[in-house]
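Structure data (mmCIF, C-alpha atoms) from final_1.cif:
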```
data_start
#
loop_
_atom_site.label_atom_id
_atom_site.label_comp_id
_atom_site.auth_asym_id
_atom_site.auth_seq_id
_atom_site.Cartn_x
_atom_site.Cartn_y
_atom_site.Cartn_z
CA THR A 1 17.09 36.82 24.54
CA VAL A 2 18.49 38.51 27.64
CA LEU A 3 21.74 36.52 27.75
CA PRO A 4 23.09 37.39 24.27
CA ALA A 5 22.03 40.99 24.70
CA ALA A 6 23.75 41.27 28.09
CA ILE A 7 26.96 39.73 26.80
CA ARG A 8 26.98 42.00 23.78
CA TYR A 9 26.41 45.03 26.01
CA GLN A 10 29.26 44.14 28.37
CA THR A 11 31.63 43.31 25.52
CA GLU A 12 30.95 46.59 23.79
CA LEU A 13 31.51 48.50 27.03
CA ALA A 14 34.80 46.72 27.70
CA ALA A 15 36.06 47.27 24.16
CA ASN A 16 35.17 50.93 24.22
CA VAL A 17 36.74 51.55 27.62
CA ALA A 18 39.97 49.75 26.64
CA ALA A 19 40.22 51.54 23.34
CA LEU A 20 39.57 54.96 24.82
CA LYS A 21 42.23 54.43 27.45
CA ALA A 22 44.69 53.19 24.80
CA ALA A 23 44.02 56.40 22.90
CA GLY A 24 44.74 58.46 26.01
CA LEU A 25 41.10 59.26 26.72
CA ASP A 26 39.29 59.12 30.03
CA ALA A 27 36.61 56.47 30.46
CA ASP A 28 34.02 55.91 33.19
CA LEU A 29 34.53 52.40 34.62
CA SER A 30 31.54 52.33 36.96
CA THR A 31 29.04 50.91 34.48
CA LEU A 32 31.50 48.37 33.13
CA GLN A 33 32.43 47.14 36.61
CA GLY A 34 28.79 46.82 37.53
CA VAL A 35 27.98 44.42 34.73
CA SER A 36 31.28 42.58 34.20
CA ALA A 37 31.26 40.22 37.17
CA PRO A 38 27.85 38.59 36.65
CA ILE A 39 28.26 38.39 32.90
CA ALA A 40 31.76 36.89 33.07
CA ALA A 41 30.30 33.59 34.27
CA LEU A 42 27.71 33.65 31.51
CA LYS A 43 30.33 34.29 28.85
CA ALA A 44 32.23 31.17 29.90
CA GLY A 45 29.40 29.14 28.48
CA LEU A 46 29.97 30.72 25.08
CA ALA A 47 33.72 30.17 24.94
CA GLY A 48 34.96 30.07 21.37
CA LYS A 49 31.91 31.88 20.00
CA ARG A 50 32.24 35.06 17.98
CA ILE A 51 30.52 38.22 19.19
CA GLU A 52 29.48 40.91 16.74
CA GLY A 53 27.06 43.82 16.80
CA THR A 54 26.44 47.50 16.29
CA VAL A 55 25.66 50.49 18.49
CA ASP A 56 23.97 53.62 17.13
CA LEU A 57 24.67 57.04 18.63
CA ALA A 58 22.38 60.05 18.27
CA ALA A 59 23.13 63.53 19.66
CA ALA A 60 25.65 62.01 22.10
CA THR A 61 28.61 63.72 23.80
CA LEU A 62 32.20 62.43 23.95
CA SER A 63 34.80 64.25 26.01
CA ASP A 64 38.35 63.94 27.28
CA ALA A 65 39.89 66.31 29.82
CA ARG A 66 43.49 65.41 28.97
CA TRP A 67 43.22 66.75 25.42
CA LYS A 68 40.56 69.35 26.22
CA LEU A 69 38.26 67.63 23.75
CA ARG A 70 34.50 67.73 23.86
CA PHE A 71 32.59 66.40 20.89
CA THR A 72 28.88 67.22 20.89
CA LYS A 73 26.04 66.21 18.56
CA VAL A 74 27.78 62.86 18.02
CA SER A 75 25.80 60.69 15.61
CA GLY A 76 26.67 57.50 13.76
CA ARG A 77 27.23 53.79 14.10
CA THR A 78 29.85 51.72 15.90
CA ARG A 79 30.57 48.16 14.78
CA PHE A 80 32.13 45.85 17.36
CA SER A 81 33.22 42.27 17.82
CA ASP A 82 35.42 40.23 20.13
CA ARG A 83 38.38 41.47 18.03
CA GLY A 84 37.85 45.22 18.35
CA PHE A 85 35.50 47.93 17.16
CA ALA A 86 35.13 50.73 14.61
CA SER A 87 33.33 54.03 15.09
CA GLU A 88 33.50 55.24 11.51
CA ASN A 89 32.57 58.64 10.12
CA LEU A 90 30.74 59.82 13.22
CA LYS A 91 29.25 63.25 12.73
CA VAL A 92 30.51 65.49 15.55
CA ALA A 93 30.77 69.14 16.55
CA LEU A 94 33.95 70.59 18.09
CA ASP A 95 33.49 74.06 19.55
CA GLY A 96 30.30 74.22 17.51
CA GLN A 97 32.13 73.46 14.24
CA PRO A 98 31.09 70.31 12.36
CA GLY A 99 33.53 67.49 11.72
CA VAL A 100 33.84 63.79 11.08
CA PHE A 101 35.49 61.54 13.70
CA SER A 102 36.56 57.91 13.38
CA LEU A 103 38.13 55.54 15.92
CA ARG A 104 39.22 52.04 14.86
CA VAL A 105 40.57 49.57 17.41
CA GLY A 106 42.02 46.07 17.21
CA ASP A 107 41.45 44.22 13.95
CA PHE A 108 39.34 47.14 12.76
CA ALA A 109 42.43 49.40 12.75
CA GLY A 110 43.33 47.99 9.33
CA ASP A 111 47.03 47.53 10.16
CA ALA A 112 48.46 44.59 12.08
CA LYS A 113 51.03 46.91 13.70
CA LEU A 114 48.40 49.27 15.12
CA ALA A 115 46.35 48.98 18.30
CA ALA A 116 44.15 51.90 17.26
CA LEU A 117 43.72 54.65 14.69
CA ALA A 118 41.79 57.88 15.33
CA THR A 119 41.03 60.58 12.73
CA LEU A 120 39.24 63.93 12.74
CA ASP A 121 38.34 65.85 9.58
CA GLY A 122 36.57 69.17 9.25
CA ARG A 123 36.76 72.91 8.63
CA PHE A 124 38.00 74.50 11.84
CA THR A 125 39.37 77.83 12.99
CA PRO A 126 43.03 77.65 14.13
CA PRO A 127 42.17 78.35 17.82
CA THR A 128 39.90 75.28 17.82
CA LEU A 129 42.98 73.09 17.33
CA ILE A 130 45.61 75.30 18.99
CA ASP A 131 43.63 75.40 22.24
CA ARG A 132 44.26 71.64 22.58
CA ALA A 133 48.02 72.34 22.79
CA GLY A 134 48.71 75.01 25.38
CA ASP A 135 52.35 75.52 24.34
CA LEU A 136 51.18 76.73 20.91
CA ALA A 137 48.89 79.45 22.23
CA TRP A 138 51.32 82.11 20.96
CA LEU A 139 50.31 81.19 17.38
CA LYS A 140 46.69 82.30 17.73
CA PRO A 141 47.19 86.01 16.95
CA TRP A 142 49.09 85.08 13.77
CA MET A 143 46.52 82.73 12.21
CA ASN A 144 43.10 84.09 11.22
CA GLY A 145 40.26 82.41 9.33
CA SER A 146 39.29 78.76 8.92
CA SER A 147 40.53 75.86 6.80
CA VAL A 148 39.93 72.19 6.16
CA TRP A 149 42.05 70.14 8.59
CA LYS A 150 42.83 66.45 8.88
CA VAL A 151 44.14 65.11 12.20
CA ALA A 152 45.23 61.49 12.69
CA VAL A 153 46.63 59.63 15.71
CA ARG A 154 48.21 56.22 15.14
CA ILE A 155 48.66 54.07 18.27
CA PRO A 156 51.06 51.14 17.76
CA LYS A 157 50.71 47.79 19.46
CA SER A 158 52.90 47.12 22.47
CA LEU A 159 55.13 44.07 22.40
CA PRO A 160 55.19 41.82 25.49
CA GLY A 161 57.98 42.75 27.89
CA LYS A 162 58.89 45.96 26.05
CA PRO A 163 58.05 49.61 26.76
CA ALA A 164 55.05 50.98 24.90
CA PRO A 165 56.24 52.74 21.72
CA PRO A 166 55.17 56.36 21.18
CA SER A 167 52.06 57.13 19.18
CA GLU A 168 52.16 59.34 16.09
CA LEU A 169 50.22 62.57 15.57
CA ARG A 170 49.80 63.95 12.05
CA VAL A 171 48.09 67.27 11.27
CA GLN A 172 47.50 68.36 7.66
CA SER A 173 45.83 71.33 5.98
CA ASP A 174 46.17 73.36 2.78
CA LEU A 175 45.51 76.46 4.94
CA ALA A 176 43.20 77.86 2.24
CA GLY A 177 40.95 80.31 4.09
CA THR A 178 43.50 81.05 6.82
CA ALA A 179 45.76 84.11 6.76
CA LEU A 180 49.26 83.87 8.23
CA THR A 181 50.39 87.26 9.52
CA MET A 182 53.88 86.43 10.79
CA PRO A 183 56.80 88.29 9.19
CA ALA A 184 57.89 87.18 5.69
CA PRO A 185 58.51 84.54 4.51
CA LEU A 186 56.03 82.93 6.93
CA ASN A 187 53.07 85.00 5.80
CA LYS A 188 50.27 84.51 3.29
CA ALA A 189 46.81 85.79 2.38
CA ALA A 190 43.75 83.79 3.35
CA ALA A 191 42.91 83.11 -0.32
CA THR A 192 46.29 81.46 -0.90
CA SER A 193 46.95 77.76 -0.29
CA MET A 194 50.12 76.71 1.49
CA PRO A 195 50.09 73.02 2.48
CA LEU A 196 51.00 72.37 6.10
CA ASP A 197 52.08 68.92 7.26
CA VAL A 198 53.06 68.27 10.90
CA VAL A 199 54.17 64.88 12.25
CA ALA A 200 55.04 64.44 15.93
CA ALA A 201 55.50 61.67 18.45
CA LEU A 202 53.09 61.36 21.37
CA PRO A 203 54.36 61.98 23.98
CA VAL A 204 56.40 64.53 22.06
CA GLU A 205 59.44 63.93 24.30
CA GLN A 206 59.78 60.39 22.91
CA GLY A 207 60.47 61.39 19.32
CA GLU A 208 60.89 64.33 16.97
CA ILE A 209 58.66 66.89 15.30
CA ALA A 210 58.67 67.32 11.53
CA VAL A 211 56.99 70.34 9.93
CA ARG A 212 56.62 71.22 6.24
CA LEU A 213 55.04 74.50 5.12
CA GLY A 214 54.61 74.37 1.34
CA GLU A 215 57.90 74.91 -0.46
CA VAL A 216 58.81 77.67 1.97
CA MET A 217 60.04 75.89 5.06
CA ARG A 218 60.82 72.51 6.58
CA PHE A 219 61.73 71.79 10.18
CA ARG A 220 62.93 68.83 12.22
CA GLY A 221 63.08 69.35 15.96
CA LEU A 222 63.29 67.81 19.40
CA VAL A 223 61.32 68.75 22.50
CA ARG A 224 62.63 67.51 25.81
CA ALA A 225 61.37 68.15 29.33
CA LYS A 226 62.62 71.38 30.93
CA ALA A 227 64.70 72.29 27.86
CA PRO A 228 64.25 74.65 24.91
CA MET A 229 63.25 73.13 21.58
CA SER A 230 66.22 72.28 19.36
CA GLY A 231 66.29 71.44 15.68
CA SER A 232 67.10 72.26 12.07
CA LEU A 233 65.19 74.74 9.91
CA GLN A 234 65.51 74.71 6.12
CA PHE A 235 64.09 77.47 3.90
CA GLY A 236 63.59 76.80 0.19
CA ALA A 237 65.19 73.89 -1.65
CA GLY A 238 67.55 71.46 -0.02
CA ALA A 239 67.31 68.60 2.45
CA VAL A 240 66.57 69.49 6.03
CA ALA A 241 69.33 68.34 8.36
CA ALA A 242 68.79 65.99 11.28
CA PRO A 243 67.70 67.88 14.40
CA ARG A 244 70.50 69.33 16.50
CA ALA A 245 70.92 68.06 20.04
CA THR A 246 70.93 71.67 21.26
CA GLY A 247 70.24 75.00 19.62
CA LEU A 248 68.60 75.83 16.30
CA SER A 249 70.23 75.63 12.89
CA VAL A 250 68.74 77.82 10.13
CA ARG A 251 69.71 77.38 6.48
CA GLY A 252 68.41 78.10 3.01
CA VAL A 253 67.30 80.91 0.74
CA VAL A 254 64.08 82.97 0.81
CA PRO A 255 62.77 85.43 -1.80
CA LEU A 256 61.87 87.98 0.88
CA LEU A 257 62.87 88.29 4.52
CA ASP A 258 61.22 90.81 6.84
CA ALA A 259 64.25 91.21 9.11
CA ALA A 260 62.76 94.11 11.06
CA GLY A 261 59.55 92.14 11.57
CA TRP A 262 61.42 89.16 12.95
CA ILE A 263 63.47 91.36 15.29
CA ALA A 264 60.24 92.83 16.62
CA PHE A 265 58.71 89.36 16.81
CA SER A 266 61.63 88.11 18.93
CA SER A 267 61.76 91.20 21.14
CA LYS A 268 58.12 90.65 22.11
CA GLY A 269 58.90 87.13 23.26
CA GLU A 270 56.69 85.56 20.58
CA GLY A 271 57.08 81.85 20.04
CA GLY A 272 56.59 81.03 23.69
CA GLY A 273 59.49 79.64 25.68
CA ALA A 274 60.08 76.74 23.34
CA LEU A 275 62.75 78.31 21.13
#
```

Starting from the coordinates I provided, produce the structure as structure tokens.
Amino acid sequence: TVLPAAIRYQTELAANVAALKAAGLDADLSTLQGVSAPIAALKAGLAGKRIEGTVDLAAATLSDARWKLRFTKVSGRTRFSDRGFASENLKVALDGQPGVFSLRVGDFAGDAKLAALATLDGRFTPPTLIDRAGDLAWLKPWMNGSSVWKVAVRIPKSLPGKPAPPSELRVQSDLAGTALTMPAPLNKAAATSMPLDVVAALPVEQGEIAVRLGEVMRFRGLVRAKAPMSGSLQFGAGAVAAPRATGLSVRGVVPLLDAAGWIAFSSKGEGGGAL
């Protein structure tokens, strides 16, 4: 009948808008506002009832200006209820490169401490991801090829009366298929694997950044507004120290160091203004 369908439509819209905003994405409120008022009265008659359903997407587009994201050719199913929703394993294209995107909100997040969990998996070129973070643009000339990447954003629940905790970004890849052309020891051929694992707070100013590049390098750092990045860099074996409040600490042993290359790297101002 019209009533259940209308309620389901409005509920799905509200859940999607709330979840997208919680994830830091823009959402168009005009449609939701247009249907919410008349349906609110109708929903009162179904107080205590559970609402469940599905929405199928085919060749849709999802975009967000804040993160410079535009997914095209979006296809898949979203399950929703009065307790949240899950868009699982949606087929998407990012800059024309195929990937798989999932967004789980509320009870569907699978963790009582999370408000939402978003993941993106696919084989992408480095610029496809770097372009979403303007302060990393300096890396583009030093990374060539494409690799399988996994990106996850975990959004914790906010407690009543307390500031919203930072979200967590995690980026992982074995970098197989991507050549690193920075001076040694931060270089490798495209055919070689070198696992990369990056964990950072979102916003980044509310936490620290942790980077691991195979067995070569580990880094813990802090990024604060209007200040250079500070931290601790460990090459080879040994525990990486806690990030310094100011400056950069470098320790460890490397089998080969291209000192001249790093001097030239620094003299060209590579690395942006972060270090």

Take the PyMOL selection byres ((chain A and resi 206) around 10), run it mentally on this structure, and tell me the resulting residues as a list in words.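 In the shown coordinates, the PyMOL selection byres ((chain A and resi 206) around 10) covers Pro165, Pro166, Ser167, Ala200, Ala201, Leu202, Pro203, Val204, Glu205, Gly207, Glu208, Leu222, Val223 and Arg224 of chain A.
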
Might you spell out which residues the PyMOL selection byres ((chain A and resi 242) around 7) would select in the displayed file, as an mmCIF file with C-alpha atoms, in the frame of the given file?
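Full text of out33.cif as output:
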```cif
data_model
loop_
_atom_site.group_PDB
_atom_site.id
_atom_site.type_symbol
_atom_site.label_atom_id
_atom_site.label_comp_id
_atom_site.auth_asym_id
_atom_site.auth_seq_id
_atom_site.Cartn_x
_atom_site.Cartn_y
_atom_site.Cartn_z
ATOM 1 C CA ARG A 220 62.930 68.830 12.220
ATOM 2 C CA SER A 232 67.100 72.260 12.070
ATOM 3 C CA VAL A 240 66.570 69.490 6.030
ATOM 4 C CA ALA A 241 69.330 68.340 8.360
ATOM 5 C CA PRO A 243 67.700 67.880 14.400
ATOM 6 C CA ARG A 244 70.500 69.330 16.500
#
```

Got a sec to resolve the PyMOL selection byres ((chain A and resi 236-238) around 9) on this structure and send the residues as a PyMOL selection string? chain A and resi 215-218+234-235+239-240+251-255

Calculate how many Å separate atom CA of A:Thr181 from atom CA of A:Pro127, rounding to one decimal.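 Separating atom CA of A:Thr181 from atom CA of A:Pro127 is a distance of 14.7 Å.
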
Select, from A:Met182, A:Phe80, A:Pro163, A:Gln172, the residue with the minimum atom-to-atom distance to A:Pro141, counting all atoms listed in the file. A:Met182
